[in-house]
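Shown below: work_23.txt, with compact mmCIF, C-alpha atoms.
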```txt
# COMPACT_ATOMS: atom_id res chain seq x y z
CA MET Z 26 -20.26 -102.52 37.61
CA ARG Z 27 -21.89 -100.33 40.23
CA TYR Z 28 -20.04 -97.36 41.72
CA LEU Z 29 -20.84 -94.96 44.52
CA LEU Z 30 -19.90 -91.35 43.81
CA LEU Z 31 -19.50 -89.76 47.25
CA ILE Z 32 -19.75 -85.96 47.28
CA TYR Z 33 -17.50 -84.16 49.78
CA GLU Z 34 -17.61 -80.40 50.33
CA THR Z 35 -17.20 -77.92 53.14
CA GLU Z 36 -20.73 -77.43 54.48
CA GLY Z 37 -20.21 -73.74 55.16
CA ASN Z 38 -19.59 -73.02 51.46
CA TRP Z 39 -23.31 -73.26 50.68
CA ALA Z 40 -24.23 -70.70 53.36
CA ARG Z 41 -21.67 -68.26 51.96
CA MET Z 42 -23.14 -68.42 48.45
CA SER Z 43 -25.59 -65.80 47.27
CA GLU Z 44 -29.14 -66.93 46.54
CA ALA Z 45 -28.39 -66.64 42.81
CA GLU Z 46 -25.25 -68.81 43.16
CA GLN Z 47 -27.19 -71.41 45.16
CA GLY Z 48 -29.89 -71.48 42.48
CA LYS Z 49 -27.30 -71.90 39.71
CA THR Z 50 -25.57 -74.75 41.55
CA TYR Z 51 -28.88 -76.46 42.34
CA GLN Z 52 -29.82 -76.28 38.65
CA GLU Z 53 -26.44 -77.80 37.71
CA TYR Z 54 -27.20 -80.75 40.01
CA MET Z 55 -30.67 -81.16 38.47
CA ASP Z 56 -29.17 -81.05 34.95
CA PHE Z 57 -26.49 -83.62 35.84
CA THR Z 58 -29.08 -85.91 37.44
CA ALA Z 59 -31.32 -85.66 34.37
CA ARG Z 60 -28.38 -86.52 32.07
CA ILE Z 61 -27.31 -89.64 33.97
CA LYS Z 62 -30.92 -90.79 34.32
CA LYS Z 63 -31.45 -90.38 30.57
CA SER Z 64 -28.21 -92.28 29.84
CA GLY Z 65 -29.36 -95.20 32.01
CA HIS Z 66 -26.41 -94.95 34.41
CA HIS Z 67 -28.35 -93.61 37.42
CA LEU Z 68 -29.31 -96.17 40.08
CA ALA Z 69 -29.86 -93.93 43.13
CA GLY Z 70 -28.81 -90.63 44.63
CA GLU Z 71 -29.71 -88.35 47.50
CA PRO Z 72 -28.39 -85.31 49.32
CA LEU Z 73 -27.68 -85.77 53.02
CA GLN Z 74 -28.71 -83.65 56.00
CA PRO Z 75 -25.86 -81.57 57.56
CA THR Z 76 -23.27 -83.36 59.69
CA SER Z 77 -24.83 -81.79 62.79
CA THR Z 78 -27.66 -84.35 62.37
CA ALA Z 79 -25.29 -87.35 62.14
CA THR Z 80 -24.84 -90.01 64.80
CA THR Z 81 -21.84 -92.35 64.86
CA VAL Z 82 -22.32 -95.83 66.33
CA ARG Z 83 -19.58 -98.02 67.78
CA VAL Z 84 -19.75 -101.26 69.75
CA LYS Z 85 -17.05 -101.68 72.41
CA ASN Z 86 -17.00 -104.70 74.72
CA GLY Z 87 -20.55 -105.56 73.67
CA LYS Z 88 -21.87 -102.10 74.57
CA THR Z 89 -23.34 -99.78 71.92
CA LEU Z 90 -21.90 -96.28 72.09
CA THR Z 91 -23.27 -93.35 70.13
CA THR Z 92 -21.60 -90.03 69.41
CA ASP Z 93 -23.22 -86.95 67.93
CA GLY Z 94 -21.69 -86.01 64.60
CA PRO Z 95 -19.75 -87.75 61.87
CA PHE Z 96 -17.06 -90.37 62.43
CA ALA Z 97 -14.06 -88.13 61.78
CA GLU Z 98 -13.30 -84.44 61.93
CA THR Z 99 -12.38 -83.35 58.42
CA ARG Z 100 -12.31 -80.19 56.39
CA GLU Z 101 -14.86 -81.58 53.93
CA GLN Z 102 -18.04 -83.43 54.82
CA LEU Z 103 -20.01 -86.10 53.00
CA GLY Z 104 -22.95 -84.21 51.54
CA GLY Z 105 -24.60 -86.72 49.24
CA PHE Z 106 -24.08 -89.50 46.76
CA TYR Z 107 -24.98 -90.97 43.42
CA MET Z 108 -25.02 -94.70 42.77
CA VAL Z 109 -24.31 -95.34 39.10
CA GLU Z 110 -23.79 -98.23 36.73
CA ALA Z 111 -20.60 -97.83 34.68
CA GLN Z 112 -18.56 -100.06 32.39
CA ASP Z 113 -15.37 -99.35 34.30
CA LEU Z 114 -13.57 -96.89 36.57
CA ASP Z 115 -12.84 -94.55 33.66
CA GLU Z 116 -16.53 -94.15 32.87
CA ALA Z 117 -17.42 -93.69 36.56
CA THR Z 118 -14.66 -91.08 36.95
CA ALA Z 119 -15.93 -89.20 33.90
CA MET Z 120 -19.39 -89.05 35.49
CA ALA Z 121 -17.92 -87.90 38.82
CA ALA Z 122 -16.10 -85.06 37.07
CA GLN Z 123 -19.49 -83.67 35.96
CA ILE Z 124 -20.83 -83.33 39.52
CA PRO Z 125 -20.79 -79.62 40.48
CA ALA Z 126 -19.00 -80.29 43.79
CA ALA Z 127 -15.99 -81.65 41.88
CA ARG Z 128 -15.07 -77.98 41.30
CA THR Z 129 -15.26 -76.94 44.96
CA GLY Z 130 -14.77 -80.17 46.91
CA SER Z 131 -14.05 -83.73 45.93
CA ILE Z 132 -15.87 -86.79 44.64
CA GLU Z 133 -14.78 -90.18 45.89
CA VAL Z 134 -15.44 -92.93 43.33
CA ARG Z 135 -15.86 -96.25 45.11
CA PRO Z 136 -16.72 -99.57 43.43
CA ILE Z 137 -19.54 -101.44 45.11
CA MET Z 138 -18.52 -104.96 46.05
CA PRO Z 139 -20.64 -107.49 44.18
CA ILE Z 140 -22.21 -110.02 46.53
CA GLU Z 141 -24.08 -113.06 45.39
CA ARG Z 142 -27.24 -113.34 47.42
CA PRO Z 143 -28.98 -116.67 47.95
CA GLU Z 144 -32.47 -116.83 46.53
```
What is this structure when it is put down as structure tokens?
Amino acid sequence: MRYLLLIYETEGNWARMSEAEQGKTYQEYMDFTARIKKSGHHLAGEPLQPTSTATTVRVKNGKTLTTDGPFAETREQLGGFYMVEAQDLDEATAMAAQIPAARTGSIEVRPIMPIERPE
């Protein structure tokens, strides 16, 4: 089954880290990514631009409305994701626990809904 591991952290935390701490954390992400790629679980993953670059889209009464910024004001922001293949929720959760942001933020583990697509 495919799972999305959504990485939530407070954006300002990165700016408050020393250059050495940023380098160490970056290397931890690279090491984690290499491990899940080698294991065959990795399907996709990318960091996201800061929330200041986000645009939220809504359609009300047939009219498209856009708002600068993310959908909701929260303490933590979505900063990136990994899409993985896992046997079950336990295996996906074990992978999520290895993501560096699990120590300073949170990782949402969300199953991807299987959809049969016509050929």
task = For each of Z:Ala40, Z:Leu73, Z:Val134, Z:Met55, take the minimum atom-to-atom distance to Thr118 (chain Z), counting all atoms listed in the file, then give the residue where this is smallest.
result =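 Among Z:Ala40, Z:Leu73, Z:Val134, Z:Met55, it is Z:Val134 that comes nearest to Thr118 (chain Z).
The nearest approach to Asp56 (chain Z) among the residues Z:Ile124, Z:Leu29, Z:Ile132, Z:Ile137, with only C-alpha atoms taken into account, belongs to Z:Ile124.
Excluding Leu30 (chain Z) and any residue on its chain fewer than 5 positions from it, the residues at most 9 Å away by only C-alpha atoms are Gly70, Gly105, Phe106, Tyr107, Met108, Val109, Ala117, Thr118, Met120, Ala121, Ile132, Glu133, Val134, Arg135 and Pro136 of chain Z.
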Length of the CA of Asp115 (chain Z) to CA of Pro72 (chain Z) vector [Å] =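 Calculated distance between CA of Asp115 (chain Z) and CA of Pro72 (chain Z) is 23.9 Å.
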inquiry  = Need to verify the contact set: region 129-131 of chain Z, 8 Å, only C-alpha atoms, exclusion of same-chain residues closer than 5 positions in sequence. Can you return it as a list in words?
reply    = Ile32, Tyr33, Glu34, Thr35 and Glu101 of chain Z
message = Ranking Z:Arg27, Z:Asp113, Z:Arg41, Z:Gln102 by minimum distance to His67 (chain Z) and counting only C-alpha atoms, which one comes first?
response = Z:Arg27
query = Which is closer to Ala69 (chain Z) than all the others in Z:Leu31, Z:Val82, Z:Leu90, Z:Met42, using all atoms listed in the file?
reply =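 Using all atoms listed in the file, Ala69 (chain Z) sits closest to Z:Leu31.
For the set Z:Met26, Z:Val84, Z:Leu68, Z:Ile61, the residue with the smallest atom-to-atom gap to Leu114 (chain Z) is Z:Met26, counting all atoms listed in the file.
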Starting from the incomplete input, reconstruct all heavy atoms of region 40-51 of chain Z and write that as a PDB file, keeping the file's coordinate frame.
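Written out: rebuild-v5.pdb:
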```pdb
ATOM      1  N   ALA Z  40     -23.688 -71.854  52.632  1.00  0.00           N
ATOM      2  CA  ALA Z  40     -24.230 -70.700  53.360  1.00  0.00           C
ATOM      3  C   ALA Z  40     -23.599 -69.396  52.896  1.00  0.00           C
ATOM      4  O   ALA Z  40     -24.230 -68.341  52.968  1.00  0.00           O
ATOM      5  CB  ALA Z  40     -24.028 -70.888  54.856  1.00  0.00           C
ATOM      6  N   ARG Z  41     -22.369 -69.472  52.418  1.00  0.00           N
ATOM      7  CA  ARG Z  41     -21.670 -68.260  51.960  1.00  0.00           C
ATOM      8  C   ARG Z  41     -22.032 -67.860  50.537  1.00  0.00           C
ATOM      9  O   ARG Z  41     -21.663 -66.790  50.083  1.00  0.00           O
ATOM     10  CB  ARG Z  41     -20.156 -68.442  52.091  1.00  0.00           C
ATOM     11  CG  ARG Z  41     -19.678 -68.425  53.544  1.00  0.00           C
ATOM     12  CD  ARG Z  41     -18.165 -68.404  53.648  1.00  0.00           C
ATOM     13  NE  ARG Z  41     -17.543 -69.671  53.316  1.00  0.00           N
ATOM     14  CZ  ARG Z  41     -17.400 -70.691  54.148  1.00  0.00           C
ATOM     15  NH1 ARG Z  41     -17.845 -70.601  55.390  1.00  0.00           N
ATOM     16  NH2 ARG Z  41     -16.812 -71.807  53.767  1.00  0.00           N
ATOM     17  N   MET Z  42     -22.752 -68.726  49.834  1.00  0.00           N
ATOM     18  CA  MET Z  42     -23.140 -68.420  48.450  1.00  0.00           C
ATOM     19  C   MET Z  42     -24.348 -67.485  48.455  1.00  0.00           C
ATOM     20  O   MET Z  42     -25.203 -67.564  49.335  1.00  0.00           O
ATOM     21  CB  MET Z  42     -23.510 -69.696  47.698  1.00  0.00           C
ATOM     22  CG  MET Z  42     -22.377 -70.660  47.497  1.00  0.00           C
ATOM     23  SD  MET Z  42     -22.977 -72.233  46.842  1.00  0.00           S
ATOM     24  CE  MET Z  42     -22.656 -72.007  45.126  1.00  0.00           C
ATOM     25  N   SER Z  43     -24.406 -66.633  47.433  1.00  0.00           N
ATOM     26  CA  SER Z  43     -25.590 -65.800  47.270  1.00  0.00           C
ATOM     27  C   SER Z  43     -26.757 -66.691  46.844  1.00  0.00           C
ATOM     28  O   SER Z  43     -26.564 -67.827  46.407  1.00  0.00           O
ATOM     29  CB  SER Z  43     -25.347 -64.733  46.203  1.00  0.00           C
ATOM     30  OG  SER Z  43     -25.273 -65.338  44.913  1.00  0.00           O
ATOM     31  N   GLU Z  44     -27.968 -66.175  46.955  1.00  0.00           N
ATOM     32  CA  GLU Z  44     -29.140 -66.930  46.540  1.00  0.00           C
ATOM     33  C   GLU Z  44     -29.055 -67.301  45.064  1.00  0.00           C
ATOM     34  O   GLU Z  44     -29.417 -68.411  44.667  1.00  0.00           O
ATOM     35  CB  GLU Z  44     -30.410 -66.107  46.813  1.00  0.00           C
ATOM     36  CG  GLU Z  44     -31.629 -66.951  47.026  1.00  0.00           C
ATOM     37  CD  GLU Z  44     -32.806 -66.127  47.513  1.00  0.00           C
ATOM     38  OE1 GLU Z  44     -32.717 -65.521  48.589  1.00  0.00           O
ATOM     39  OE2 GLU Z  44     -33.815 -66.111  46.780  1.00  0.00           O
ATOM     40  N   ALA Z  45     -28.533 -66.385  44.252  1.00  0.00           N
ATOM     41  CA  ALA Z  45     -28.390 -66.640  42.810  1.00  0.00           C
ATOM     42  C   ALA Z  45     -27.379 -67.769  42.566  1.00  0.00           C
ATOM     43  O   ALA Z  45     -27.606 -68.645  41.729  1.00  0.00           O
ATOM     44  CB  ALA Z  45     -27.957 -65.377  42.085  1.00  0.00           C
ATOM     45  N   GLU Z  46     -26.263 -67.759  43.310  1.00  0.00           N
ATOM     46  CA  GLU Z  46     -25.250 -68.810  43.160  1.00  0.00           C
ATOM     47  C   GLU Z  46     -25.807 -70.160  43.604  1.00  0.00           C
ATOM     48  O   GLU Z  46     -25.556 -71.188  42.961  1.00  0.00           O
ATOM     49  CB  GLU Z  46     -24.002 -68.480  43.971  1.00  0.00           C
ATOM     50  CG  GLU Z  46     -23.189 -67.330  43.427  1.00  0.00           C
ATOM     51  CD  GLU Z  46     -22.083 -66.908  44.388  1.00  0.00           C
ATOM     52  OE1 GLU Z  46     -22.336 -66.823  45.605  1.00  0.00           O
ATOM     53  OE2 GLU Z  46     -20.962 -66.672  43.891  1.00  0.00           O
ATOM     54  N   GLN Z  47     -26.576 -70.168  44.697  1.00  0.00           N
ATOM     55  CA  GLN Z  47     -27.190 -71.410  45.160  1.00  0.00           C
ATOM     56  C   GLN Z  47     -28.151 -71.950  44.090  1.00  0.00           C
ATOM     57  O   GLN Z  47     -28.151 -73.149  43.804  1.00  0.00           O
ATOM     58  CB  GLN Z  47     -27.949 -71.185  46.466  1.00  0.00           C
ATOM     59  CG  GLN Z  47     -27.057 -70.993  47.665  1.00  0.00           C
ATOM     60  CD  GLN Z  47     -27.857 -70.738  48.939  1.00  0.00           C
ATOM     61  OE1 GLN Z  47     -29.079 -70.608  48.930  1.00  0.00           O
ATOM     62  NE2 GLN Z  47     -27.154 -70.650  50.055  1.00  0.00           N
ATOM     63  N   GLY Z  48     -28.950 -71.067  43.516  1.00  0.00           N
ATOM     64  CA  GLY Z  48     -29.890 -71.480  42.480  1.00  0.00           C
ATOM     65  C   GLY Z  48     -29.181 -72.056  41.262  1.00  0.00           C
ATOM     66  O   GLY Z  48     -29.611 -73.071  40.703  1.00  0.00           O
ATOM     67  N   LYS Z  49     -28.075 -71.431  40.862  1.00  0.00           N
ATOM     68  CA  LYS Z  49     -27.300 -71.900  39.710  1.00  0.00           C
ATOM     69  C   LYS Z  49     -26.714 -73.285  40.003  1.00  0.00           C
ATOM     70  O   LYS Z  49     -26.790 -74.193  39.172  1.00  0.00           O
ATOM     71  CB  LYS Z  49     -26.186 -70.917  39.387  1.00  0.00           C
ATOM     72  CG  LYS Z  49     -25.332 -71.294  38.187  1.00  0.00           C
ATOM     73  CD  LYS Z  49     -24.280 -70.222  37.923  1.00  0.00           C
ATOM     74  CE  LYS Z  49     -23.462 -70.529  36.693  1.00  0.00           C
ATOM     75  NZ  LYS Z  49     -22.387 -71.478  36.921  1.00  0.00           N
ATOM     76  N   THR Z  50     -26.158 -73.468  41.182  1.00  0.00           N
ATOM     77  CA  THR Z  50     -25.570 -74.750  41.550  1.00  0.00           C
ATOM     78  C   THR Z  50     -26.641 -75.835  41.640  1.00  0.00           C
ATOM     79  O   THR Z  50     -26.460 -76.957  41.155  1.00  0.00           O
ATOM     80  CB  THR Z  50     -24.807 -74.638  42.884  1.00  0.00           C
ATOM     81  OG1 THR Z  50     -23.783 -73.649  42.739  1.00  0.00           O
ATOM     82  CG2 THR Z  50     -24.186 -75.960  43.293  1.00  0.00           C
ATOM     83  N   TYR Z  51     -27.767 -75.508  42.242  1.00  0.00           N
ATOM     84  CA  TYR Z  51     -28.880 -76.460  42.340  1.00  0.00           C
ATOM     85  C   TYR Z  51     -29.303 -76.905  40.946  1.00  0.00           C
ATOM     86  O   TYR Z  51     -29.511 -78.095  40.701  1.00  0.00           O
ATOM     87  CB  TYR Z  51     -30.053 -75.817  43.094  1.00  0.00           C
ATOM     88  CG  TYR Z  51     -31.234 -76.734  43.252  1.00  0.00           C
ATOM     89  CD1 TYR Z  51     -31.242 -77.740  44.215  1.00  0.00           C
ATOM     90  CD2 TYR Z  51     -32.345 -76.604  42.428  1.00  0.00           C
ATOM     91  CE1 TYR Z  51     -32.318 -78.594  44.353  1.00  0.00           C
ATOM     92  CE2 TYR Z  51     -33.427 -77.457  42.556  1.00  0.00           C
ATOM     93  CZ  TYR Z  51     -33.418 -78.446  43.516  1.00  0.00           C
ATOM     94  OH  TYR Z  51     -34.486 -79.299  43.640  1.00  0.00           O
TER      95      TYR Z  51
END
```
